Amino acid sequence: MTARPGTSDQVAPGPAPATPRRRRPADRRRLIVDAAAKAFSDGGYHAVRLEDIADAVGISAPALYRHFPNKYALFAETTAALAASLRAALDAVPEGGDGELRTLLEAMTLASFENRRTGGLYRWESRYLEPEDRAIVLDVVVHQHRRVRAAARRLRPDLGEVDANLVAAAMTSVAASPTTHRASLPAREVTTLIPDAAIDLLDAALPEPTAPREPAGHGLVPSAKREVRSRSGRR
């Protein structure tokens with residue numbers, strides 16, 4: 001076929017297709033908090049830079065600042081979120097009944113295991129929180145202790161106040177232990193072995209309370225062995 005004069009058999013190129021617009025994730029704030037929890041737990045509050053957290057999320061620093069005005073605001077929300085997740089795990093366990101203690105310890109262990117990389121953040125780094133924000137974390141810690149103590153005393157009514165506090169604190173430490181080590185165990189084993197070990201403390205033979213000891217001497221305690229040696233050499 002012969003082309004007509006003044007025409008072309010080539011189709012003129014149309015406009016270039018528009019680049020698809022990148023949509024902002026609906027849960028971007030949660031992604032930032034999750035990344036911050038890992039960063040603060042790994043490096044400590046002072047060592048972490050907001051730019052590092054932004055890089056971990058895949059956003060720019062200005063985008064992060066649209067969610068959090070400064071590092072402290074992000075840190076405070078991160079610790080509050082971790083505390084809230086623990087509170088939710090505790091509140092999911094019905095109060096009362098002989099099985100409450102076991103179920104509480106299993107829930108605490110599972111929460112610690114699922115957050116083992118970040119779960120210790122509010123314990124070790126919460127000293128940097130302002131009083132109002134620290135009170136949020138403390139409220140959950142106290143609530144947890146009281147739940148465990150009450151459940152333990154239902155199973156062992158002979159426990160006095162001091163002994164019940166001691167047993168509850170020991171059980172809580174065992175249940176929270178996954179946040180302090182990196183032993184590789186399946187979740188099913190962890191949520192069986194660790195609650196078993198924690199609940200065994202209920203039968204521990206506790207020593208009789210003793211009167212507080214009197215101070216060995218007066219004055220300041222020597223600050224180092226060198227000071228002790230220098231004092232003994234002057235005698």
# chains A, B, ... in the order shown; residues from 1 in each chain; ligands from 1

$ residues_around --residues "Glu100 of chain A" --least-positions-apart "3" --cutoff "10 Å" --atoms "only C-alpha atoms" --output "count of residues only"
16

$ residues_around --residues "Asp52 of chain A" --least-positions-apart "5" --cutoff "9 Å" --atoms "only C-alpha atoms" --output "VMD selection string"
chain A and resid 39 57 61

$ closest_residue --among "A:Leu50, A:Ala205, A:Val174, A:Val33" --to "Leu82 of chain A" --atoms "only C-alpha atoms"
A:Val33

$ closest_residue --among "A:Leu121, A:Met108, A:Ala56, A:Leu64" --to "Ser41 of chain A" --atoms "only C-alpha atoms"
A:Leu121

$ select_by_dssp --residues "segment 123-226 of chain A" --states "helix (DSSP H, G or I)" --output "count of residues only"
68

$ atom_distance --atom1 "atom CA of Arg30 of chain A" --atom2 "atom CA of Pro131 of chain A"
24.0 Å
